[in-house]
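Peer 1: This is the content of data38.txt (compact mmCIF, C-alpha atoms):
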# COMPACT_ATOMS: atom_id res chain seq x y z
CA MET A 526 85.95 114.81 74.59
CA ILE A 527 89.13 113.06 75.76
CA SER A 528 91.77 115.56 76.91
CA GLU A 529 95.44 115.34 75.97
CA SER A 530 96.39 114.87 79.63
CA SER A 531 94.07 111.92 80.14
CA LEU A 532 95.13 110.37 76.85
CA LYS A 533 98.76 110.81 77.84
CA THR A 534 98.12 108.90 81.06
CA TYR A 535 96.47 106.12 79.06
CA ALA A 536 99.32 106.08 76.51
CA ALA A 537 101.90 105.76 79.27
CA GLU A 538 100.10 102.64 80.49
CA ARG A 539 99.36 101.21 77.03
CA PHE A 540 102.69 102.14 75.44
CA SER A 541 105.41 102.10 78.08
CA SER A 542 107.83 104.20 76.02
CA ALA A 543 105.39 107.02 75.14
CA LYS A 544 106.85 110.44 75.90
CA SER A 545 104.28 112.84 74.49
CA VAL A 546 100.78 112.79 73.02
CA GLU A 547 99.17 115.24 70.60
CA ILE A 548 95.54 115.26 69.39
CA LEU A 549 94.52 116.81 66.07
CA ARG A 550 90.93 117.02 64.83
CA LEU A 551 90.53 115.37 61.42
CA GLY A 552 86.91 116.23 60.73
CA SER A 553 83.30 115.21 61.23
CA GLY A 554 80.82 113.17 59.23
CA VAL A 555 77.30 111.88 59.67
CA HIS A 556 78.40 109.22 62.13
CA GLY A 557 80.81 111.24 64.24
CA THR A 558 84.22 112.86 64.51
CA GLY A 559 87.74 111.59 63.93
CA PHE A 560 90.96 112.71 65.61
CA MET A 561 94.61 112.03 64.84
CA VAL A 562 96.58 110.93 67.88
CA LYS A 563 100.34 111.30 67.56
CA ILE A 564 102.51 109.56 70.12
CA ILE A 565 106.23 110.25 70.32
CA HIS A 566 108.23 107.55 72.06
CA ASP A 567 111.38 107.94 74.14
CA SER A 568 113.41 106.82 71.14
CA GLY A 569 112.06 109.71 69.08
CA GLU A 570 109.97 107.38 66.95
CA GLU A 571 106.52 108.72 66.10
CA ALA A 572 103.38 106.59 65.84
CA SER A 573 100.02 107.84 64.60
CA TYR A 574 96.56 106.51 65.39
CA VAL A 575 93.02 107.59 64.57
CA LEU A 576 90.61 108.09 67.46
CA LYS A 577 86.95 107.84 66.47
CA GLU A 578 83.88 108.99 68.36
CA LEU A 579 80.25 108.42 67.39
CA ALA A 580 77.58 111.10 67.42
CA PRO A 581 74.92 110.30 70.05
CA GLU A 582 71.85 111.26 68.01
CA ALA A 583 69.86 108.75 65.93
CA LEU A 584 71.21 105.82 63.88
CA GLY A 585 70.83 103.62 66.95
CA HIS A 586 73.65 105.46 68.76
CA ASP A 587 71.49 107.29 71.31
CA TYR A 588 72.91 105.71 74.48
CA PRO A 589 76.57 105.25 75.51
CA SER A 590 76.00 101.48 75.53
CA ASP A 591 75.02 101.66 71.83
CA ARG A 592 78.27 103.35 70.96
CA ALA A 593 80.27 100.93 73.10
CA ALA A 594 78.66 98.02 71.25
CA VAL A 595 79.71 99.46 67.87
CA PHE A 596 83.30 99.91 68.97
CA LEU A 597 83.60 96.54 70.70
CA LEU A 598 82.40 94.84 67.54
CA ALA A 599 84.88 96.88 65.49
CA LEU A 600 87.74 95.87 67.79
CA LYS A 601 86.80 92.22 67.34
CA GLU A 602 86.15 92.20 63.59
CA TYR A 603 88.43 94.83 61.98
CA ASN A 604 91.38 92.53 62.52
CA ASN A 605 89.62 89.44 61.15
CA LEU A 606 89.18 90.83 57.63
CA PRO A 607 92.17 90.77 55.24
CA ARG A 608 93.52 94.20 54.23
CA HIS A 609 91.37 96.02 56.81
CA VAL A 610 92.97 98.72 58.96
CA GLU A 611 93.66 97.27 62.41
CA ALA A 612 91.79 98.25 65.56
CA VAL A 613 94.00 98.72 68.61
CA ASP A 614 91.70 99.27 71.60
CA VAL A 615 88.34 100.62 72.82
CA LEU A 616 88.59 103.48 75.27
CA SER A 617 86.10 104.67 77.86
CA LEU A 618 85.93 108.08 79.49
CA ASP A 619 84.72 108.29 83.08
CA ALA A 620 82.98 111.17 84.85
CA GLN A 621 86.32 112.53 86.06
CA GLY A 622 87.76 112.63 82.54
CA ARG A 623 90.01 109.60 83.01
CA VAL A 624 90.59 107.20 80.16
CA LYS A 625 90.74 103.44 80.49
CA SER A 626 90.69 100.48 78.15
CA ILE A 627 87.65 98.23 77.88
CA GLY A 628 89.04 96.32 74.93
CA GLY A 629 90.17 92.74 75.00
CA GLY A 630 87.14 91.25 76.71
CA THR A 631 85.55 88.11 75.29
CA GLU A 632 82.40 88.48 77.36
CA TYR A 633 80.87 91.13 79.63
CA TYR A 634 78.94 90.94 82.89
CA LEU A 635 76.76 93.18 85.03
CA LEU A 636 77.30 93.35 88.78
CA MET A 637 74.40 94.80 90.78
CA GLN A 638 72.87 94.88 94.23
CA THR A 639 70.59 92.16 95.55
CA ALA A 640 66.84 92.78 95.71
CA THR A 641 64.50 91.83 98.52
CA GLY A 642 60.77 91.28 98.30
CA ILE A 643 58.27 89.04 96.51
CA ASP A 644 57.70 89.45 92.79
CA TYR A 645 54.27 90.37 91.49
CA PHE A 646 53.85 87.03 89.71
CA ASN A 647 52.88 85.66 93.12
CA ASP A 648 49.95 88.06 93.31
CA LEU A 649 48.83 87.18 89.80
CA GLU A 650 48.90 83.50 90.68
CA ALA A 651 46.81 84.13 93.81
CA MET A 652 44.18 86.08 91.86
CA ARG A 653 43.03 82.91 90.09
CA HIS A 654 41.30 81.86 93.31
CA LYS A 655 39.63 85.23 93.98
CA ALA A 656 36.25 86.37 92.74
CA HIS A 657 37.26 89.96 93.53
CA LEU A 658 40.37 91.89 94.45
CA ASP A 659 41.21 92.19 98.12
CA THR A 660 42.58 95.27 99.89
CA GLN A 661 46.23 94.39 99.30
CA ASP A 662 45.60 93.76 95.61
CA VAL A 663 44.08 97.22 95.28
CA GLU A 664 46.92 98.87 97.20
CA LYS A 665 49.57 97.23 95.03
CA ILE A 666 47.89 98.16 91.76
CA LYS A 667 47.45 101.74 92.91
CA ALA A 668 51.11 101.87 93.96
CA MET A 669 52.30 100.65 90.56
CA ALA A 670 50.04 103.01 88.63
CA ALA A 671 51.11 105.98 90.77
CA TYR A 672 54.78 105.12 90.31
CA LEU A 673 54.45 104.93 86.54
CA ALA A 674 52.55 108.20 86.43
CA GLU A 675 55.39 109.81 88.36
CA ILE A 676 58.29 108.55 86.24
CA HIS A 677 56.41 109.19 82.99
CA SER A 678 56.00 112.84 83.93
CA ALA A 679 59.70 113.34 83.11
CA ARG A 680 59.54 114.33 79.45
CA ALA A 681 62.19 114.66 76.75
CA ASP A 682 62.28 116.42 73.37
CA ASN A 683 64.00 114.12 70.90
CA ARG A 684 61.99 112.79 68.00
CA HIS A 685 64.77 110.45 66.87
CA LEU A 686 64.75 108.76 70.27
CA TYR A 687 60.95 108.37 70.12
CA TRP A 688 61.12 106.97 66.61
CA ARG A 689 63.81 104.59 67.76
CA LYS A 690 61.55 103.30 70.54
CA ILE A 691 58.77 102.57 68.07
CA ARG A 692 61.25 100.95 65.68
CA ASP A 693 62.79 98.86 68.44
CA THR A 694 59.40 97.73 69.75
CA ILE A 695 58.73 96.19 66.34
CA GLY A 696 62.16 95.18 65.08
CA HIS A 697 64.59 94.82 67.99
CA GLY A 698 65.98 91.36 68.67
CA GLU A 699 64.44 91.42 72.16
CA CYS A 700 61.09 92.77 70.95
CA LEU A 701 58.32 91.69 68.57
CA MET A 702 60.27 90.37 65.57
CA GLY A 703 63.03 88.91 67.71
CA VAL A 704 60.52 87.16 69.95
CA PHE A 705 58.70 85.75 66.91
CA ASP A 706 62.00 84.53 65.47
CA PHE A 707 62.53 82.62 68.73
CA TYR A 708 59.15 80.84 68.48
CA PRO A 709 59.49 77.07 68.06
CA ASP A 710 58.22 75.93 64.66
CA GLY A 711 54.53 75.09 64.76
CA THR A 712 53.64 77.65 67.43
CA LEU A 713 52.41 80.19 64.90
CA SER A 714 52.75 80.16 61.13
CA TYR A 715 55.29 82.42 59.45
CA GLN A 716 52.41 84.05 57.60
CA GLU A 717 50.54 84.87 60.82
CA MET A 718 53.67 86.33 62.36
CA GLY A 719 54.31 88.33 59.20
CA ASP A 720 50.76 89.68 59.17
CA ILE A 721 51.14 90.95 62.73
CA GLU A 722 54.50 92.51 61.89
CA LYS A 723 53.01 94.29 58.87
CA LEU A 724 50.17 95.68 60.95
CA CYS A 725 52.78 97.02 63.37
CA ILE A 726 54.65 98.72 60.52
CA ASP A 727 51.43 100.58 59.69
CA TRP A 728 51.24 101.64 63.34
CA ARG A 729 54.80 102.94 63.16
CA VAL A 730 53.64 105.40 60.50
CA LYS A 731 50.75 106.52 62.72
CA LEU A 732 52.98 107.04 65.74
CA LYS A 733 55.80 108.98 64.08
CA PRO A 734 54.05 112.36 64.54
CA LYS A 735 53.65 111.66 68.28
CA SER A 736 57.22 112.25 69.43
CA HIS A 737 55.84 114.69 72.02
CA ARG A 738 55.03 111.55 74.01
CA LEU A 739 58.69 110.76 74.68
CA CYS A 740 59.15 110.26 78.41
CA GLN A 741 61.17 108.43 81.02
CA ILE A 742 60.26 104.73 81.19
CA HIS A 743 61.34 101.54 82.90
CA GLY A 744 61.25 99.59 79.65
CA ASP A 745 60.38 96.14 81.02
CA PHE A 746 57.79 96.75 83.72
CA HIS A 747 56.55 93.18 83.95
CA PRO A 748 55.60 91.24 87.12
CA GLY A 749 58.95 89.49 87.50
CA ASN A 750 60.70 92.84 87.69
CA VAL A 751 58.43 94.33 90.39
CA TRP A 752 59.27 92.99 93.86
CA PHE A 753 56.97 94.10 96.67
CA LYS A 754 58.29 94.60 100.19
CA SER A 755 54.88 95.78 101.41
CA PRO A 756 51.58 96.55 99.66
CA THR A 757 52.76 100.09 98.96
CA ASP A 758 56.52 99.63 98.61
CA PHE A 759 58.38 97.79 95.88
CA ILE A 760 61.78 97.63 94.21
CA LEU A 761 62.42 97.23 90.48
CA LEU A 762 64.78 95.04 88.49
CA ASP A 763 66.10 94.95 84.92
CA ARG A 764 65.37 98.32 83.35
CA SER A 765 65.79 97.58 79.64
CA ARG A 766 66.29 98.96 76.14
CA GLY A 767 66.81 102.62 76.92
CA ALA A 768 65.74 105.23 79.41
CA TYR A 769 63.13 106.95 77.22
CA GLY A 770 60.19 105.86 75.14
CA ASP A 771 56.41 105.90 75.18
CA SER A 772 54.54 105.32 78.44
CA ALA A 773 52.55 102.69 76.54
CA ASP A 774 55.58 100.40 76.84
CA ASP A 775 55.34 100.20 80.63
CA ILE A 776 51.53 100.18 80.71
CA THR A 777 51.22 97.24 78.31
CA ALA A 778 54.12 95.34 79.90
CA MET A 779 52.13 95.10 83.13
CA SER A 780 48.52 95.09 81.92
CA ILE A 781 48.97 92.27 79.38
CA ASN A 782 49.51 90.00 82.38
CA PHE A 783 46.02 90.59 83.75
CA ILE A 784 44.75 89.42 80.36
CA PHE A 785 47.24 86.55 80.09
CA TYR A 786 46.56 85.08 83.52
CA SER A 787 42.81 85.33 83.09
CA ILE A 788 42.93 83.55 79.73
CA MET A 789 45.43 80.96 80.95
CA TYR A 790 43.44 79.95 84.02
CA HIS A 791 39.84 80.69 83.05
CA GLY A 792 39.76 80.72 79.25
CA SER A 793 38.19 84.18 79.23
CA PHE A 794 38.91 87.71 80.37
CA GLY A 795 37.02 88.53 83.54
CA GLY A 796 36.76 88.21 87.30
CA SER A 797 39.48 89.58 89.56
CA TYR A 798 41.86 89.93 86.59
CA ARG A 799 39.43 92.19 84.76
CA GLU A 800 39.02 94.22 87.96
CA ALA A 801 42.80 94.55 88.23
CA PHE A 802 43.09 95.61 84.58
CA ASP A 803 40.38 98.24 84.90
CA LEU A 804 41.76 99.58 88.19
CA PHE A 805 45.29 99.83 86.80
CA PHE A 806 44.13 101.91 83.83
CA GLN A 807 41.69 103.94 85.91
CA GLU A 808 44.38 104.93 88.42
CA TYR A 809 46.97 105.71 85.77
CA LEU A 810 44.68 107.77 83.54
CA SER A 811 43.28 109.62 86.52
CA ALA A 812 46.79 110.61 87.56
CA THR A 813 48.11 111.49 84.09
CA LYS A 814 45.04 112.57 82.09
CA ASP A 815 46.81 110.88 79.17
CA GLU A 816 43.83 109.82 77.09
CA GLU A 817 46.09 109.79 74.03
CA LEU A 818 47.66 106.67 75.51
CA LEU A 819 44.69 104.68 74.20
CA GLU A 820 45.56 105.77 70.66
CA VAL A 821 49.09 104.32 70.74
CA LEU A 822 48.84 101.07 72.72
CA ALA A 823 48.37 98.66 69.82
CA PRO A 824 51.95 97.85 68.70
CA PHE A 825 53.09 97.65 72.30
CA TYR A 826 50.35 95.13 73.05
CA ALA A 827 51.49 93.18 69.99
CA PHE A 828 55.00 92.90 71.42
CA ARG A 829 53.88 92.05 74.95
CA GLY A 830 51.26 89.64 73.67
CA ALA A 831 53.89 87.84 71.61
CA VAL A 832 55.98 87.47 74.79
CA VAL A 833 53.27 85.88 76.93
CA CYS A 834 52.30 83.59 74.05
CA HIS A 835 55.84 82.23 73.74
CA PRO A 836 55.73 78.52 74.69
CA LEU A 837 59.28 78.55 76.07
CA PHE A 838 58.67 81.60 78.24
CA TYR A 839 55.21 80.50 79.44
CA PRO A 840 54.82 76.74 78.80
CA ASN A 841 51.60 76.41 80.85
CA LEU A 842 49.52 78.34 78.31
CA GLN A 843 47.49 75.86 76.27
CA ALA A 844 47.50 76.20 72.49
CA ASP A 845 43.78 77.04 72.22
CA ARG A 846 44.18 79.78 74.84
CA ARG A 847 47.29 81.09 73.12
CA ARG A 848 45.08 81.55 70.10
CA ILE A 849 42.73 83.78 72.14
CA ILE A 850 45.61 86.12 72.95
CA ILE A 851 46.92 86.12 69.37
CA ASP A 852 43.43 87.05 68.16
CA PHE A 853 43.36 89.79 70.79
CA ILE A 854 46.62 91.19 69.37
CA VAL A 855 45.27 91.25 65.83
CA ARG A 856 41.96 92.87 66.80
CA VAL A 857 43.73 95.58 68.79
CA LEU A 858 46.09 96.28 65.88
CA LYS A 859 43.13 96.65 63.55
CA SER A 860 41.38 99.15 65.86
CA GLN A 861 41.95 102.88 65.67
CA SER A 862 42.06 103.25 69.45
CA PHE A 863 41.95 100.92 72.43
CA ASP A 864 38.51 100.82 74.03
CA ILE A 865 38.92 100.10 77.76
CA ALA A 866 35.19 100.26 78.46
CA GLN A 867 34.52 97.46 75.96
CA THR A 868 37.64 95.33 76.23
CA GLU A 869 35.54 92.19 75.81
CA LYS A 870 35.06 92.98 72.10
CA TYR A 871 38.72 92.09 71.49
CA PHE A 872 37.96 88.53 72.63
CA ASP A 873 34.73 87.85 70.69
For this file, produce the structure as structure tokens.
Peer 2:
Amino acid sequence: MISESSLKTYAAERFSSAKSVEILRLGSGVHGTGFMVKIIHDSGEEASYVLKELAPEALGHDYPSDRAAVFLLALKEYNNLPRHVEAVDVLSLDAQGRVKSIGGGTEYYLLMQTATGIDYFNDLEAMRHKAHLDTQDVEKIKAMAAYLAEIHSARADNRHLYWRKIRDTIGHGECLMGVFDFYPDGTLSYQEMGDIEKLCIDWRVKLKPKSHRLCQIHGDFHPGNVWFKSPTDFILLDRSRGAYGDSADDITAMSINFIFYSIMYHGSFGGSYREAFDLFFQEYLSATKDEELLEVLAPFYAFRGAVVCHPLFYPNLQADRRRIIIDFIVRVLKSQSFDIAQTEKYFD
């Protein structure tokens, strides 16, 4: 919580004539807690403000960025509606307890370090010319599987956060429904998209009791975000949509590409791509013993399949081969569990 001393420092910068600051707790509700902030100016005039914080559990407020988004929208829109109480600023609290304003921005940007290496898309492209995996292919797949097994071993106990991940996978603007909404007309009928979405809703019901699976994830472990510096060393980009979820998110994000590239270049699932797919699962399951993974993959494959079928994201995929992947999605969603040993049945 913001301390009076840190708020006083902020008030001195925001209101040049502020002499003293007092914080009084107003009360708590489902969404969070409110505080009265009284500022006395040098002139003796008193001004009162309400400081609002959001509770971090559930309701889509799990991460600090979620709560920041709510407040930044409030700052923008409170003052655009007649008779609405005015918003003054959005405050952030740093690790040292200092308060600073993040209000007033019209756009926001992320500054990060540069990455070196070659992304894994290059390896997937090269596989089209190989009858079998070579030594470097095997080393890279083993390295990725081992890495995921390691990060997924960090568990968390928060069913609301697990439920959120399932909900987001289906309904988030960057996930299944959002990707479908971004499909150009004529790519897939609205009815077909709706049928896939409804199947995923049924899967949401099945997965709700499985919150014990909540673990640390990358969140967008696809080939463009894995840059290899050597066959056993890579760096990652663009962790997305929260720090925790189901390991199935990362597993499907990578493994759908072995399917996608095989279908795109050969019209069927086999060859070096099938070897890569099998090896990836074999290594991961051997390290984690997570056989339950096969019982939860379906809605995650639906999301990742929708991504690789998007004609703007992957324009080289021919329409008839896109249909093969869409049919794969539907067959997986209609199965009780994913059968690695007989993956070909999802393409018949």
Peer 1: Using all atoms listed in the file, what does the table of stretch 798-856 of chain A residues within 12 Å of stretch 646-668 of chain A look like, with each row giving the shortest atom pair and its distance in Å to one decimal, sorted by chain and ascending number, as a tab-separated table?
Peer 2:
residue	atom	partner	partner_atom	distance
A:Tyr798	CA	A:Met652	CA	6.9
A:Arg799	CA	A:His657	CA	9.3
A:Glu800	CA	A:Leu658	CA	7.0
A:Ala801	CA	A:Ile666	CA	7.2
A:Phe802	CA	A:Ile666	CA	9.0
A:Asp803	CA	A:Ile666	CA	10.2
A:Leu804	CA	A:Ile666	CA	7.2
A:Phe805	CA	A:Ile666	CA	5.8
A:Phe806	CA	A:Ile666	CA	9.5
A:Gln807	CA	A:Lys667	CA	9.3
A:Glu808	CA	A:Lys667	CA	6.3
A:Tyr809	CA	A:Lys667	CA	8.2
A:Leu810	CA	A:Lys667	CA	11.5
A:Ser811	CA	A:Lys667	CA	11.0
A:Ala812	CA	A:Lys667	CA	10.4
Peer 1: Within 12 Å of A:Ile643, counting only C-alpha atoms, which residues show up once you throw out same-chain ones fewer than 4 positions away? Write them as a PyMOL selection string, please.
Peer 2: chain A and resi 647-649+748-756+758-762
Peer 1: Once you add 5 Å to each side, what are the centre and edge lengths of the axis-aligned box holding all listed atoms of stretch 565-569 of chain A? One decimal in Å, as AutoDock Vina command-line options, if you can.
Peer 2:
--center_x 109.8 --center_y 108.5 --center_z 71.6 --size_x 17.2 --size_y 13.4 --size_z 15.1
Peer 1: Select, from A:Val575, A:Leu701, A:Ile849, A:Ile776, the residue with the minimum atom-to-atom distance to A:Val832, counting all atoms listed in the file.
Peer 2: A:Leu701
Peer 1: Using all atoms listed in the file, determine which residues lie at most 10 Å from stretch 618-620 of chain A, disregarding the query and same-chain residues fewer than 3 positions distant; provide the list as a ChimeraX atom specification.
Peer 2: /A:526-528,531-532,623-626
Peer 1: Which of these, A:Val857, A:Ala593, A:Ala583, A:Ala537, has the shortest distance to A:His556 once you count all atoms listed in the file?
Peer 2: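 Once distances to A:His556 are computed over all atoms listed in the file, the minimum belongs to A:Ala583.
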Peer 1: For A:Tyr790, list every protein, DNA or RNA residue within 9 Å, evaluated using only C-alpha atoms, and leave out those in the same chain fewer than 4 positions away; present the list as a list in words.
Peer 2: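 In the requested format, the answer is Arg653, Phe785, Tyr786 and Leu842 of chain A.
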Peer 1: Between atom CA of A:Leu732 and atom CA of A:His677, what is the distance, to one decimal in Å?
Peer 2: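 The value is 17.7 Å.
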Peer 1: Between A:Thr694, A:Ser797, A:Gln843, A:Gln638, which is the closest to A:Asp774 once you count all atoms listed in the file?
Peer 2: A:Thr694
Peer 1: Between atom CA of A:Arg856 and atom CA of A:Gly830, what is the distance, to one decimal in Å?
Peer 2: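 Result for atom CA of A:Arg856 versus atom CA of A:Gly830: 12.0 Å, one decimal.
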Peer 1: Provide the atom CA of A:Ser780 to atom CA of A:His747 distance in Å, to one decimal place.
Peer 2: 8.5 Å
Peer 1: Near A:Glu869, within 10 Å and counting only C-alpha atoms, which residues show up once chain neighbours fewer than 6 positions away are dropped, as number ranges by chain?
Peer 2: A: 793-795, 799, 853
Peer 1: Let me make sure I understand: among A:Thr813, A:Ile865, A:Leu597, A:Tyr708, which one has the smallest atom-to-atom distance to A:Val613 if we use only C-alpha atoms?
Peer 2: A:Leu597
Peer 1: For each of A:Gly622, A:Asp873, A:Leu686, A:Ser678, take the minimum atom-to-atom distance to A:Pro581, counting all atoms listed in the file, then give the residue where this is smallest.
Peer 2: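 For A:Pro581, the nearest of the candidates is A:Leu686.
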Peer 1: Which one of A:Gln741, A:Thr868, A:Thr641, A:Ser545 sits closest to A:Arg764 if you count all atoms listed in the file?
Peer 2: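 Using all atoms listed in the file, A:Arg764 sits closest to A:Gln741.
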